[in-house]
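Q: This is the structure I have questions about; it appears just below.
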Amino acid sequence: MSNDRNLQVLLKARPSGAPKESDFACVESPMPRIGAGQFLMRNLYLSLDAGFRQWMNEGAGDGYLQAMALNEPVMGLVLGTVIESRHPDYSIGELIMGRTRWESYSVADGTDYMAKMAAVDPEIPLSYYLGILGPTGLTAYFGMRDVGQPRAGETVLVSTAAGAVGSVAAQIAKIHGCRAVGLTSTDEKCRWLVEELGLDAAINYRQPGGLEAGLARHCPDGVDVYFDNVGGRTLDTVLAHLRIGARVVMCGALAAYNEAEPIPGPYNMFKIVTQRATLKGFMVTDYVAEYPAAIQQLTTWLKEGRLMNAEEMVEGVENTGAAFCRMFAGGNRGKLVVKVATAEG
Ligand SMILES: NC(=O)c1ccc[n+]([C@@H]2O[C@H](COP(=O)([O-])OP(=O)(O)OC[C@H]3O[C@@H](n4cnc5c(N)ncnc54)[C@H](OP(=O)(O)O)[C@@H]3O)[C@@H](O)[C@H]2O)c1
């Protein structure tokens, strides 16, 4: 076993509003020891996922996850290799993607979410398996496939289209022959969405006239599929622009994660009735049995050049908190991944 120490990022304060760097603290801890039924992972990459923000709040525990504890390492998804094991099902050298913590080494016992990454493609960078070929891409894939059900020629609107999940969802809409329109917060990210990612149009929802003006211009006949990552007022506005038979993919509610009080509304719910529309939520973890086939499909699209990987790599566990904050300031393009170590060690 390595004599290294374990770098960990603790939740020092519960964020009030958008997370800030002082909500996190990086500390050096002794190397963890494993007990019977446990294994030790050397983390290679940490995944930054906006959805984890909600479990930083006091009393945020729900049927899915517990609220994170103060002064404990922040919960997050990691990709790592097993370097010690006293667990019969996990062997040294195995590559694992699982939910542990923001740290260089993690002890696990296999009871939390753990997926063995047996079939990684040697031609694909490992970090992709946390992003476009990991929970991020899979969320976009299953949400679009099962809830969105895009058909060629339809107009698909995606919020946080320049983010991790959104950038994949919008590209999948294009692969299905749809007109893909993205929402984002700057003109520069709008240009990137159209010129680099190949979307048909992008709307800066902060532009004069806001979202209404953008929808009138870029979705004049309405929206067939809305892939919703934000909820709140954006969702409410889009409801008023749904076409008959529209599907709304309820993927996330970013607008609410930093709010202490529930956001009022939506007020346009009657549009669901008149437009015979469907709103449906989903969790990517419902599809674990289908992950291998979906990863295969996403890999094929990547290799065919039909899907572009948008990823930003940050080096070092100590920079994880700052990178997470940047995501809530809209500073990321695509998936944010923290590189902890190389596979060779
Ligand atoms: N259902 C599932 O199983 C599942 C699984 C994974 C993720 N998700 C959801 O997917 C969504 C996207 O997550 P991600 O990790 O890919 O994050 P992301 O989109 O890469 O990053 C967050 C982006 O959200 C926008 N944003 C930040 N703060 C906001 C606010 N207060 N209101 C509205 N927009 C804000 C910014 O984009 P702009 O600058 O473009 O506004 C920012 O770049 C989240 O809602 C997450 O909960 C769902």
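In the structure tokens, each chain is lettered A, B, ... as it comes, each chain's residues begin at 1, and ligands are numbered from 1 in order of appearance.
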So that I can check the surroundings of Asp187 of chain A, please list as a PyMOL selection string every protein, DNA and RNA residue that reaches within 12 Å of it, counting only C-alpha atoms and ignoring chain neighbours fewer than 6 positions away.
A: chain A and resi 162+193-195+201-208
Q: How close does chain A get to ligand 1? List, as CSV, each residue of chain A within 6 Å, its nearest atom pair and the distance in Å to one decimal, counting only C-alpha atoms and all ligand atoms.
A:
residue,atom,partner,partner_atom_place_in_ligand_line,distance
A:Asp49,CA,ligand 1,15 (O),3.6
A:Ala50,CA,ligand 1,15 (O),4.0
A:Gly51,CA,ligand 1,47 (O),3.4
A:Thr136,CA,ligand 1,6 (C),5.7
A:Thr139,CA,ligand 1,5 (C),5.2
A:Thr160,CA,ligand 1,40 (O),4.2
A:Ala162,CA,ligand 1,40 (O),5.4
A:Gly163,CA,ligand 1,20 (O),3.4
A:Ala164,CA,ligand 1,16 (O),3.7
A:Val165,CA,ligand 1,16 (O),3.8
A:Gly166,CA,ligand 1,19 (O),5.9
A:Thr184,CA,ligand 1,40 (O),3.3
A:Ser185,CA,ligand 1,39 (O),4.2
A:Asn229,CA,ligand 1,45 (O),4.2
A:Val230,CA,ligand 1,33 (C),5.3
A:Cys251,CA,ligand 1,1 (N),4.2
A:Gly252,CA,ligand 1,45 (O),3.2
A:Ala253,CA,ligand 1,45 (O),4.7
A:Leu254,CA,ligand 1,45 (O),4.5
A:Ala255,CA,ligand 1,32 (N),3.5
A:Phe282,CA,ligand 1,1 (N),5.2
A:Met283,CA,ligand 1,3 (O),3.4
A:Val284,CA,ligand 1,3 (O),3.8
A:Met327,CA,ligand 1,43 (O),5.0
A:Phe328,CA,ligand 1,27 (C),3.9
A:Ala329,CA,ligand 1,27 (C),5.7
A:Gly330,CA,ligand 1,43 (O),3.6
A:Gly331,CA,ligand 1,43 (O),5.8
A:Asn332,CA,ligand 1,43 (O),5.1
A:Gly334,CA,ligand 1,20 (O),5.5
A:Lys335,CA,ligand 1,20 (O),5.6
Q: When you count only C-alpha atoms, which of these residues is closest to Met41 of chain A: A:Met75, A:Leu215, A:Leu199, A:Ile96?
A: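 Smallest distance to Met41 of chain A is found for A:Ile96.
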Q: Point out the residue among A:Phe270, A:Phe142, A:Tyr45, A:Phe52 with the least atom-to-atom distance to Glu103 of chain A, counting only C-alpha atoms.
A: A:Tyr45
Q: According to DSSP computed on the backbone, where in segment 58-288 of chain A is there helix (DSSP H, G or I)? Give the residues as a PDB file with N, CA, C and O atoms, in the first residue's frame.
A:
ATOM      1  N   LEU A 126      -9.989   7.522 -19.979  1.00  0.00           N
ATOM      2  CA  LEU A 126     -10.758   7.008 -18.832  1.00  0.00           C
ATOM      3  C   LEU A 126     -11.766   8.013 -18.275  1.00  0.00           C
ATOM      4  O   LEU A 126     -12.850   7.644 -17.833  1.00  0.00           O
ATOM      5  N   SER A 127     -11.384   9.299 -18.295  1.00  0.00           N
ATOM      6  CA  SER A 127     -12.258  10.315 -17.698  1.00  0.00           C
ATOM      7  C   SER A 127     -13.631  10.354 -18.370  1.00  0.00           C
ATOM      8  O   SER A 127     -14.624  10.758 -17.751  1.00  0.00           O
ATOM      9  N   TYR A 128     -13.707   9.924 -19.624  1.00  0.00           N
ATOM     10  CA  TYR A 128     -14.993   9.940 -20.328  1.00  0.00           C
ATOM     11  C   TYR A 128     -16.028   9.070 -19.601  1.00  0.00           C
ATOM     12  O   TYR A 128     -17.224   9.268 -19.739  1.00  0.00           O
ATOM     13  N   TYR A 129     -15.506   8.065 -18.833  1.00  0.00           N
ATOM     14  CA  TYR A 129     -16.426   7.136 -18.173  1.00  0.00           C
ATOM     15  C   TYR A 129     -17.081   7.747 -16.929  1.00  0.00           C
ATOM     16  O   TYR A 129     -17.909   7.125 -16.283  1.00  0.00           O
ATOM     17  N   PRO A 135     -22.345   8.599 -15.762  1.00  0.00           N
ATOM     18  CA  PRO A 135     -23.665   9.040 -15.316  1.00  0.00           C
ATOM     19  C   PRO A 135     -24.223  10.233 -16.111  1.00  0.00           C
ATOM     20  O   PRO A 135     -25.424  10.313 -16.355  1.00  0.00           O
ATOM     21  N   THR A 136     -23.320  11.128 -16.521  1.00  0.00           N
ATOM     22  CA  THR A 136     -23.756  12.316 -17.268  1.00  0.00           C
ATOM     23  C   THR A 136     -24.383  11.955 -18.618  1.00  0.00           C
ATOM     24  O   THR A 136     -25.521  12.322 -18.919  1.00  0.00           O
ATOM     25  N   GLY A 137     -23.610  11.233 -19.418  1.00  0.00           N
ATOM     26  CA  GLY A 137     -24.104  10.846 -20.749  1.00  0.00           C
ATOM     27  C   GLY A 137     -25.298   9.915 -20.651  1.00  0.00           C
ATOM     28  O   GLY A 137     -26.239  10.001 -21.449  1.00  0.00           O
ATOM     29  N   LEU A 138     -25.260   9.037 -19.646  1.00  0.00           N
ATOM     30  CA  LEU A 138     -26.353   8.078 -19.486  1.00  0.00           C
ATOM     31  C   LEU A 138     -27.648   8.792 -19.094  1.00  0.00           C
ATOM     32  O   LEU A 138     -28.744   8.418 -19.528  1.00  0.00           O
ATOM     33  N   THR A 139     -27.519   9.841 -18.287  1.00  0.00           N
ATOM     34  CA  THR A 139     -28.703  10.623 -17.913  1.00  0.00           C
ATOM     35  C   THR A 139     -29.330  11.248 -19.157  1.00  0.00           C
ATOM     36  O   THR A 139     -30.550  11.175 -19.370  1.00  0.00           O
ATOM     37  N   ALA A 140     -28.470  11.841 -19.973  1.00  0.00           N
ATOM     38  CA  ALA A 140     -28.970  12.446 -21.216  1.00  0.00           C
ATOM     39  C   ALA A 140     -29.604  11.382 -22.104  1.00  0.00           C
ATOM     40  O   ALA A 140     -30.682  11.573 -22.685  1.00  0.00           O
ATOM     41  N   TYR A 141     -28.944  10.244 -22.203  1.00  0.00           N
ATOM     42  CA  TYR A 141     -29.388   9.173 -23.106  1.00  0.00           C
ATOM     43  C   TYR A 141     -30.763   8.625 -22.685  1.00  0.00           C
ATOM     44  O   TYR A 141     -31.698   8.575 -23.500  1.00  0.00           O
ATOM     45  N   PHE A 142     -30.883   8.218 -21.414  1.00  0.00           N
ATOM     46  CA  PHE A 142     -32.144   7.596 -20.993  1.00  0.00           C
ATOM     47  C   PHE A 142     -33.277   8.623 -20.902  1.00  0.00           C
ATOM     48  O   PHE A 142     -34.422   8.332 -21.226  1.00  0.00           O
ATOM     49  N   GLY A 143     -32.929   9.839 -20.447  1.00  0.00           N
ATOM     50  CA  GLY A 143     -33.962  10.874 -20.359  1.00  0.00           C
ATOM     51  C   GLY A 143     -34.526  11.204 -21.726  1.00  0.00           C
ATOM     52  O   GLY A 143     -35.743  11.316 -21.924  1.00  0.00           O
ATOM     53  N   MET A 144     -33.618  11.320 -22.686  1.00  0.00           N
ATOM     54  CA  MET A 144     -34.065  11.657 -24.031  1.00  0.00           C
ATOM     55  C   MET A 144     -34.810  10.470 -24.655  1.00  0.00           C
ATOM     56  O   MET A 144     -35.891  10.618 -25.214  1.00  0.00           O
ATOM     57  N   ARG A 145     -34.235   9.271 -24.501  1.00  0.00           N
ATOM     58  CA  ARG A 145     -34.835   8.100 -25.157  1.00  0.00           C
ATOM     59  C   ARG A 145     -36.214   7.773 -24.581  1.00  0.00           C
ATOM     60  O   ARG A 145     -37.196   7.630 -25.319  1.00  0.00           O
ATOM     61  N   ASP A 146     -36.300   7.680 -23.254  1.00  0.00           N
ATOM     62  CA  ASP A 146     -37.529   7.156 -22.654  1.00  0.00           C
ATOM     63  C   ASP A 146     -38.591   8.208 -22.411  1.00  0.00           C
ATOM     64  O   ASP A 146     -39.776   7.938 -22.531  1.00  0.00           O
ATOM     65  N   VAL A 147     -38.172   9.402 -22.038  1.00  0.00           N
ATOM     66  CA  VAL A 147     -39.158  10.434 -21.729  1.00  0.00           C
ATOM     67  C   VAL A 147     -39.332  11.367 -22.924  1.00  0.00           C
ATOM     68  O   VAL A 147     -40.445  11.670 -23.339  1.00  0.00           O
ATOM     69  N   GLY A 148     -38.226  11.799 -23.482  1.00  0.00           N
ATOM     70  CA  GLY A 148     -38.300  12.743 -24.595  1.00  0.00           C
ATOM     71  C   GLY A 148     -38.843  12.115 -25.864  1.00  0.00           C
ATOM     72  O   GLY A 148     -39.610  12.725 -26.608  1.00  0.00           O
ATOM     73  N   ALA A 164     -22.920  19.722 -18.615  1.00  0.00           N
ATOM     74  CA  ALA A 164     -22.518  18.335 -18.838  1.00  0.00           C
ATOM     75  C   ALA A 164     -23.671  17.517 -19.437  1.00  0.00           C
ATOM     76  O   ALA A 164     -23.595  17.029 -20.567  1.00  0.00           O
ATOM     77  N   VAL A 165     -24.758  17.378 -18.699  1.00  0.00           N
ATOM     78  CA  VAL A 165     -25.891  16.580 -19.184  1.00  0.00           C
ATOM     79  C   VAL A 165     -26.500  17.236 -20.420  1.00  0.00           C
ATOM     80  O   VAL A 165     -26.777  16.577 -21.431  1.00  0.00           O
ATOM     81  N   GLY A 166     -26.692  18.555 -20.345  1.00  0.00           N
ATOM     82  CA  GLY A 166     -27.375  19.268 -21.426  1.00  0.00           C
ATOM     83  C   GLY A 166     -26.653  19.153 -22.758  1.00  0.00           C
ATOM     84  O   GLY A 166     -27.291  18.984 -23.812  1.00  0.00           O
ATOM     85  N   SER A 167     -25.311  19.226 -22.735  1.00  0.00           N
ATOM     86  CA  SER A 167     -24.576  19.193 -24.011  1.00  0.00           C
ATOM     87  C   SER A 167     -24.741  17.839 -24.695  1.00  0.00           C
ATOM     88  O   SER A 167     -24.769  17.759 -25.925  1.00  0.00           O
ATOM     89  N   VAL A 168     -24.871  16.778 -23.914  1.00  0.00           N
ATOM     90  CA  VAL A 168     -25.072  15.457 -24.518  1.00  0.00           C
ATOM     91  C   VAL A 168     -26.525  15.316 -24.984  1.00  0.00           C
ATOM     92  O   VAL A 168     -26.801  14.827 -26.085  1.00  0.00           O
ATOM     93  N   ALA A 169     -27.457  15.781 -24.146  1.00  0.00           N
ATOM     94  CA  ALA A 169     -28.883  15.660 -24.510  1.00  0.00           C
ATOM     95  C   ALA A 169     -29.157  16.374 -25.835  1.00  0.00           C
ATOM     96  O   ALA A 169     -29.866  15.848 -26.708  1.00  0.00           O
ATOM     97  N   ALA A 170     -28.592  17.570 -25.989  1.00  0.00           N
ATOM     98  CA  ALA A 170     -28.849  18.339 -27.214  1.00  0.00           C
ATOM     99  C   ALA A 170     -28.264  17.630 -28.436  1.00  0.00           C
ATOM    100  O   ALA A 170     -28.883  17.587 -29.509  1.00  0.00           O
ATOM    101  N   GLN A 171     -27.083  17.044 -28.261  1.00  0.00           N
ATOM    102  CA  GLN A 171     -26.474  16.331 -29.400  1.00  0.00           C
ATOM    103  C   GLN A 171     -27.262  15.068 -29.752  1.00  0.00           C
ATOM    104  O   GLN A 171     -27.365  14.692 -30.921  1.00  0.00           O
ATOM    105  N   ILE A 172     -27.812  14.402 -28.734  1.00  0.00           N
ATOM    106  CA  ILE A 172     -28.614  13.202 -29.012  1.00  0.00           C
ATOM    107  C   ILE A 172     -29.882  13.595 -29.794  1.00  0.00           C
ATOM    108  O   ILE A 172     -30.317  12.885 -30.703  1.00  0.00           O
ATOM    109  N   ALA A 173     -30.430  14.755 -29.476  1.00  0.00           N
ATOM    110  CA  ALA A 173     -31.592  15.235 -30.236  1.00  0.00           C
ATOM    111  C   ALA A 173     -31.220  15.409 -31.702  1.00  0.00           C
ATOM    112  O   ALA A 173     -31.975  15.033 -32.609  1.00  0.00           O
ATOM    113  N   LYS A 174     -30.021  15.953 -31.945  1.00  0.00           N
ATOM    114  CA  LYS A 174     -29.575  16.122 -33.332  1.00  0.00           C
ATOM    115  C   LYS A 174     -29.422  14.765 -34.029  1.00  0.00           C
ATOM    116  O   LYS A 174     -29.802  14.595 -35.188  1.00  0.00           O
ATOM    117  N   ILE A 175     -28.854  13.803 -33.293  1.00  0.00           N
ATOM    118  CA  ILE A 175     -28.664  12.463 -33.877  1.00  0.00           C
ATOM    119  C   ILE A 175     -30.012  11.873 -34.304  1.00  0.00           C
ATOM    120  O   ILE A 175     -30.105  11.150 -35.288  1.00  0.00           O
ATOM    121  N   ASP A 187     -23.666  34.956 -24.546  1.00  0.00           N
ATOM    122  CA  ASP A 187     -23.579  34.910 -26.015  1.00  0.00           C
ATOM    123  C   ASP A 187     -22.431  34.016 -26.447  1.00  0.00           C
ATOM    124  O   ASP A 187     -22.516  33.305 -27.445  1.00  0.00           O
ATOM    125  N   GLU A 188     -21.358  34.057 -25.666  1.00  0.00           N
ATOM    126  CA  GLU A 188     -20.174  33.270 -26.015  1.00  0.00           C
ATOM    127  C   GLU A 188     -20.504  31.768 -25.956  1.00  0.00           C
ATOM    128  O   GLU A 188     -20.140  30.996 -26.849  1.00  0.00           O
ATOM    129  N   LYS A 189     -21.254  31.355 -24.925  1.00  0.00           N
ATOM    130  CA  LYS A 189     -21.634  29.933 -24.842  1.00  0.00           C
ATOM    131  C   LYS A 189     -22.670  29.596 -25.926  1.00  0.00           C
ATOM    132  O   LYS A 189     -22.692  28.482 -26.442  1.00  0.00           O
ATOM    133  N   CYS A 190     -23.502  30.577 -26.305  1.00  0.00           N
ATOM    134  CA  CYS A 190     -24.449  30.353 -27.418  1.00  0.00           C
ATOM    135  C   CYS A 190     -23.687  30.048 -28.699  1.00  0.00           C
ATOM    136  O   CYS A 190     -24.020  29.114 -29.438  1.00  0.00           O
ATOM    137  N   ARG A 191     -22.646  30.852 -28.949  1.00  0.00           N
ATOM    138  CA  ARG A 191     -21.842  30.643 -30.170  1.00  0.00           C
ATOM    139  C   ARG A 191     -21.214  29.258 -30.151  1.00  0.00           C
ATOM    140  O   ARG A 191     -21.224  28.533 -31.140  1.00  0.00           O
ATOM    141  N   TRP A 192     -20.677  28.891 -28.998  1.00  0.00           N
ATOM    142  CA  TRP A 192     -20.029  27.568 -28.864  1.00  0.00           C
ATOM    143  C   TRP A 192     -21.032  26.450 -29.159  1.00  0.00           C
ATOM    144  O   TRP A 192     -20.701  25.478 -29.845  1.00  0.00           O
ATOM    145  N   LEU A 193     -22.247  26.603 -28.657  1.00  0.00           N
ATOM    146  CA  LEU A 193     -23.263  25.556 -28.862  1.00  0.00           C
ATOM    147  C   LEU A 193     -23.574  25.361 -30.346  1.00  0.00           C
ATOM    148  O   LEU A 193     -23.747  24.239 -30.814  1.00  0.00           O
ATOM    149  N   VAL A 194     -23.630  26.463 -31.069  1.00  0.00           N
ATOM    150  CA  VAL A 194     -23.998  26.372 -32.489  1.00  0.00           C
ATOM    151  C   VAL A 194     -22.773  25.989 -33.336  1.00  0.00           C
ATOM    152  O   VAL A 194     -22.835  25.055 -34.139  1.00  0.00           O
ATOM    153  N   GLU A 195     -21.663  26.697 -33.087  1.00  0.00           N
ATOM    154  CA  GLU A 195     -20.501  26.510 -33.970  1.00  0.00           C
ATOM    155  C   GLU A 195     -19.720  25.232 -33.676  1.00  0.00           C
ATOM    156  O   GLU A 195     -19.219  24.581 -34.584  1.00  0.00           O
ATOM    157  N   GLY A 210     -35.186  38.406 -22.799  1.00  0.00           N
ATOM    158  CA  GLY A 210     -35.089  37.138 -22.093  1.00  0.00           C
ATOM    159  C   GLY A 210     -35.536  35.941 -22.910  1.00  0.00           C
ATOM    160  O   GLY A 210     -35.512  35.933 -24.144  1.00  0.00           O
ATOM    161  N   LEU A 211     -35.983  34.955 -22.190  1.00  0.00           N
ATOM    162  CA  LEU A 211     -36.342  33.684 -22.789  1.00  0.00           C
ATOM    163  C   LEU A 211     -37.509  33.818 -23.770  1.00  0.00           C
ATOM    164  O   LEU A 211     -37.517  33.185 -24.829  1.00  0.00           O
ATOM    165  N   GLU A 212     -38.487  34.658 -23.422  1.00  0.00           N
ATOM    166  CA  GLU A 212     -39.672  34.825 -24.288  1.00  0.00           C
ATOM    167  C   GLU A 212     -39.257  35.247 -25.695  1.00  0.00           C
ATOM    168  O   GLU A 212     -39.700  34.662 -26.682  1.00  0.00           O
ATOM    169  N   ALA A 213     -38.383  36.257 -25.761  1.00  0.00           N
ATOM    170  CA  ALA A 213     -37.947  36.754 -27.068  1.00  0.00           C
ATOM    171  C   ALA A 213     -37.185  35.670 -27.815  1.00  0.00           C
ATOM    172  O   ALA A 213     -37.365  35.479 -29.032  1.00  0.00           O
ATOM    173  N   GLY A 214     -36.353  34.936 -27.103  1.00  0.00           N
ATOM    174  CA  GLY A 214     -35.567  33.870 -27.728  1.00  0.00           C
ATOM    175  C   GLY A 214     -36.450  32.757 -28.261  1.00  0.00           C
ATOM    176  O   GLY A 214     -36.222  32.235 -29.358  1.00  0.00           O
ATOM    177  N   LEU A 215     -37.480  32.392 -27.494  1.00  0.00           N
ATOM    178  CA  LEU A 215     -38.381  31.323 -27.943  1.00  0.00           C
ATOM    179  C   LEU A 215     -39.193  31.786 -29.151  1.00  0.00           C
ATOM    180  O   LEU A 215     -39.413  31.016 -30.102  1.00  0.00           O
ATOM    181  N   ALA A 216     -39.631  33.038 -29.105  1.00  0.00           N
ATOM    182  CA  ALA A 216     -40.406  33.559 -30.244  1.00  0.00           C
ATOM    183  C   ALA A 216     -39.560  33.514 -31.513  1.00  0.00           C
ATOM    184  O   ALA A 216     -40.048  33.197 -32.602  1.00  0.00           O
ATOM    185  N   ARG A 217     -38.272  33.769 -31.356  1.00  0.00           N
ATOM    186  CA  ARG A 217     -37.398  33.813 -32.536  1.00  0.00           C
ATOM    187  C   ARG A 217     -36.985  32.402 -32.991  1.00  0.00           C
ATOM    188  O   ARG A 217     -37.004  32.103 -34.192  1.00  0.00           O
ATOM    189  N   HIS A 218     -36.609  31.568 -32.040  1.00  0.00           N
ATOM    190  CA  HIS A 218     -36.008  30.278 -32.426  1.00  0.00           C
ATOM    191  C   HIS A 218     -36.950  29.079 -32.350  1.00  0.00           C
ATOM    192  O   HIS A 218     -36.634  28.026 -32.901  1.00  0.00           O
ATOM    193  N   GLY A 232     -38.146  25.855 -12.170  1.00  0.00           N
ATOM    194  CA  GLY A 232     -38.364  27.278 -11.858  1.00  0.00           C
ATOM    195  C   GLY A 232     -39.082  28.050 -12.958  1.00  0.00           C
ATOM    196  O   GLY A 232     -39.931  27.523 -13.677  1.00  0.00           O
ATOM    197  N   ARG A 233     -38.685  29.313 -13.084  1.00  0.00           N
ATOM    198  CA  ARG A 233     -39.370  30.209 -14.033  1.00  0.00           C
ATOM    199  C   ARG A 233     -39.121  29.801 -15.475  1.00  0.00           C
ATOM    200  O   ARG A 233     -39.955  30.035 -16.353  1.00  0.00           O
ATOM    201  N   THR A 234     -37.966  29.197 -15.721  1.00  0.00           N
ATOM    202  CA  THR A 234     -37.668  28.763 -17.096  1.00  0.00           C
ATOM    203  C   THR A 234     -38.687  27.716 -17.529  1.00  0.00           C
ATOM    204  O   THR A 234     -39.275  27.807 -18.615  1.00  0.00           O
ATOM    205  N   LEU A 235     -38.907  26.747 -16.672  1.00  0.00           N
ATOM    206  CA  LEU A 235     -39.891  25.707 -16.986  1.00  0.00           C
ATOM    207  C   LEU A 235     -41.263  26.346 -17.213  1.00  0.00           C
ATOM    208  O   LEU A 235     -41.964  26.019 -18.190  1.00  0.00           O
ATOM    209  N   ASP A 236     -41.628  27.266 -16.337  1.00  0.00           N
ATOM    210  CA  ASP A 236     -42.939  27.896 -16.445  1.00  0.00           C
ATOM    211  C   ASP A 236     -43.107  28.594 -17.800  1.00  0.00           C
ATOM    212  O   ASP A 236     -44.141  28.466 -18.473  1.00  0.00           O
ATOM    213  N   THR A 237     -42.062  29.315 -18.202  1.00  0.00           N
ATOM    214  CA  THR A 237     -42.122  30.021 -19.489  1.00  0.00           C
ATOM    215  C   THR A 237     -42.243  29.029 -20.644  1.00  0.00           C
ATOM    216  O   THR A 237     -43.052  29.211 -21.563  1.00  0.00           O
ATOM    217  N   VAL A 238     -41.454  27.959 -20.575  1.00  0.00           N
ATOM    218  CA  VAL A 238     -41.460  26.993 -21.684  1.00  0.00           C
ATOM    219  C   VAL A 238     -42.815  26.291 -21.776  1.00  0.00           C
ATOM    220  O   VAL A 238     -43.297  25.991 -22.879  1.00  0.00           O
ATOM    221  N   LEU A 239     -43.474  26.048 -20.649  1.00  0.00           N
ATOM    222  CA  LEU A 239     -44.780  25.375 -20.673  1.00  0.00           C
ATOM    223  C   LEU A 239     -45.755  26.101 -21.609  1.00  0.00           C
ATOM    224  O   LEU A 239     -46.573  25.479 -22.287  1.00  0.00           O
ATOM    225  N   LEU A 254     -32.094  22.757 -11.255  1.00  0.00           N
ATOM    226  CA  LEU A 254     -30.970  23.605 -10.834  1.00  0.00           C
ATOM    227  C   LEU A 254     -31.377  24.950 -10.249  1.00  0.00           C
ATOM    228  O   LEU A 254     -30.730  25.457  -9.342  1.00  0.00           O
ATOM    229  N   ALA A 255     -32.449  25.511 -10.767  1.00  0.00           N
ATOM    230  CA  ALA A 255     -32.859  26.840 -10.285  1.00  0.00           C
ATOM    231  C   ALA A 255     -33.233  26.790  -8.806  1.00  0.00           C
ATOM    232  O   ALA A 255     -33.195  27.809  -8.119  1.00  0.00           O
ATOM    233  N   ALA A 256     -33.568  25.610  -8.312  1.00  0.00           N
ATOM    234  CA  ALA A 256     -34.032  25.493  -6.923  1.00  0.00           C
ATOM    235  C   ALA A 256     -32.923  25.122  -5.946  1.00  0.00           C
ATOM    236  O   ALA A 256     -33.063  25.340  -4.741  1.00  0.00           O
ATOM    237  N   TYR A 257     -31.819  24.549  -6.437  1.00  0.00           N
ATOM    238  CA  TYR A 257     -30.842  23.959  -5.516  1.00  0.00           C
ATOM    239  C   TYR A 257     -30.234  24.989  -4.553  1.00  0.00           C
ATOM    240  O   TYR A 257     -29.879  24.653  -3.438  1.00  0.00           O
ATOM    241  N   PHE A 270     -52.000  24.587 -16.899  1.00  0.00           N
ATOM    242  CA  PHE A 270     -53.163  24.239 -17.733  1.00  0.00           C
ATOM    243  C   PHE A 270     -52.744  23.959 -19.180  1.00  0.00           C
ATOM    244  O   PHE A 270     -53.452  23.271 -19.919  1.00  0.00           O
ATOM    245  N   LYS A 271     -51.574  24.491 -19.559  1.00  0.00           N
ATOM    246  CA  LYS A 271     -51.052  24.211 -20.909  1.00  0.00           C
ATOM    247  C   LYS A 271     -50.813  22.713 -21.111  1.00  0.00           C
ATOM    248  O   LYS A 271     -50.892  22.205 -22.232  1.00  0.00           O
ATOM    249  N   ILE A 272     -50.506  22.021 -20.012  1.00  0.00           N
ATOM    250  CA  ILE A 272     -50.307  20.568 -20.106  1.00  0.00           C
ATOM    251  C   ILE A 272     -51.604  19.916 -20.576  1.00  0.00           C
ATOM    252  O   ILE A 272     -51.605  18.969 -21.361  1.00  0.00           O
ATOM    253  N   VAL A 273     -52.718  20.457 -20.098  1.00  0.00           N
ATOM    254  CA  VAL A 273     -54.029  19.906 -20.462  1.00  0.00           C
ATOM    255  C   VAL A 273     -54.335  20.214 -21.925  1.00  0.00           C
ATOM    256  O   VAL A 273     -54.582  19.317 -22.733  1.00  0.00           O
ATOM    257  N   THR A 274     -54.268  21.493 -22.265  1.00  0.00           N
ATOM    258  CA  THR A 274     -54.697  21.872 -23.616  1.00  0.00           C
ATOM    259  C   THR A 274     -53.767  21.319 -24.690  1.00  0.00           C
ATOM    260  O   THR A 274     -54.198  21.039 -25.807  1.00  0.00           O
ATOM    261  N   VAL A 284     -31.426   8.356 -13.447  1.00  0.00           N
ATOM    262  CA  VAL A 284     -30.541   7.534 -14.284  1.00  0.00           C
ATOM    263  C   VAL A 284     -30.266   6.179 -13.626  1.00  0.00           C
ATOM    264  O   VAL A 284     -30.090   5.160 -14.305  1.00  0.00           O
ATOM    265  N   THR A 285     -30.264   6.153 -12.306  1.00  0.00           N
ATOM    266  CA  THR A 285     -29.963   4.907 -11.586  1.00  0.00           C
ATOM    267  C   THR A 285     -31.054   3.846 -11.767  1.00  0.00           C
ATOM    268  O   THR A 285     -30.850   2.691 -11.415  1.00  0.00           O
ATOM    269  N   ASP A 286     -32.193   4.236 -12.315  1.00  0.00           N
ATOM    270  CA  ASP A 286     -33.236   3.235 -12.605  1.00  0.00           C
ATOM    271  C   ASP A 286     -32.800   2.295 -13.726  1.00  0.00           C
ATOM    272  O   ASP A 286     -33.451   1.278 -13.976  1.00  0.00           O
ATOM    273  N   TYR A 287     -31.757   2.688 -14.449  1.00  0.00           N
ATOM    274  CA  TYR A 287     -31.419   1.983 -15.691  1.00  0.00           C
ATOM    275  C   TYR A 287     -30.123   1.177 -15.613  1.00  0.00           C
ATOM    276  O   TYR A 287     -29.572   0.833 -16.650  1.00  0.00           O
ATOM    277  N   VAL A 288     -29.656   0.898 -14.392  1.00  0.00           N
ATOM    278  CA  VAL A 288     -28.330   0.268 -14.237  1.00  0.00           C
ATOM    279  C   VAL A 288     -28.174  -0.956 -15.151  1.00  0.00           C
ATOM    280  O   VAL A 288     -27.129  -1.140 -15.786  1.00  0.00           O
TER     281      VAL A 288
END
Q: Write out as a ChimeraX atom specification the set of residues from segment 20-215 of chain A that DSSP, computed on the backbone, places in strand (DSSP E).
A: /A:24-29,39-47,75-85,95-101,105-108,114-116,155-158,179-184,201-204
Q: Applying 7 Å and only C-alpha atoms, which residues near Arg5 of chain A remain after dropping the ones on its own chain fewer than 2 positions away? List them as an MDAnalysis selection string.
A: chainID A and resid 3 7 28:31
Q: So, counting only C-alpha atoms, which residue among A:Pro125, A:Val120, A:Glu154, A:Pro15 is closest to Glu311 of chain A?
A: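 Checking each of A:Pro125, A:Val120, A:Glu154, A:Pro15 against Glu311 of chain A, counting only C-alpha atoms, the winner is A:Pro125.
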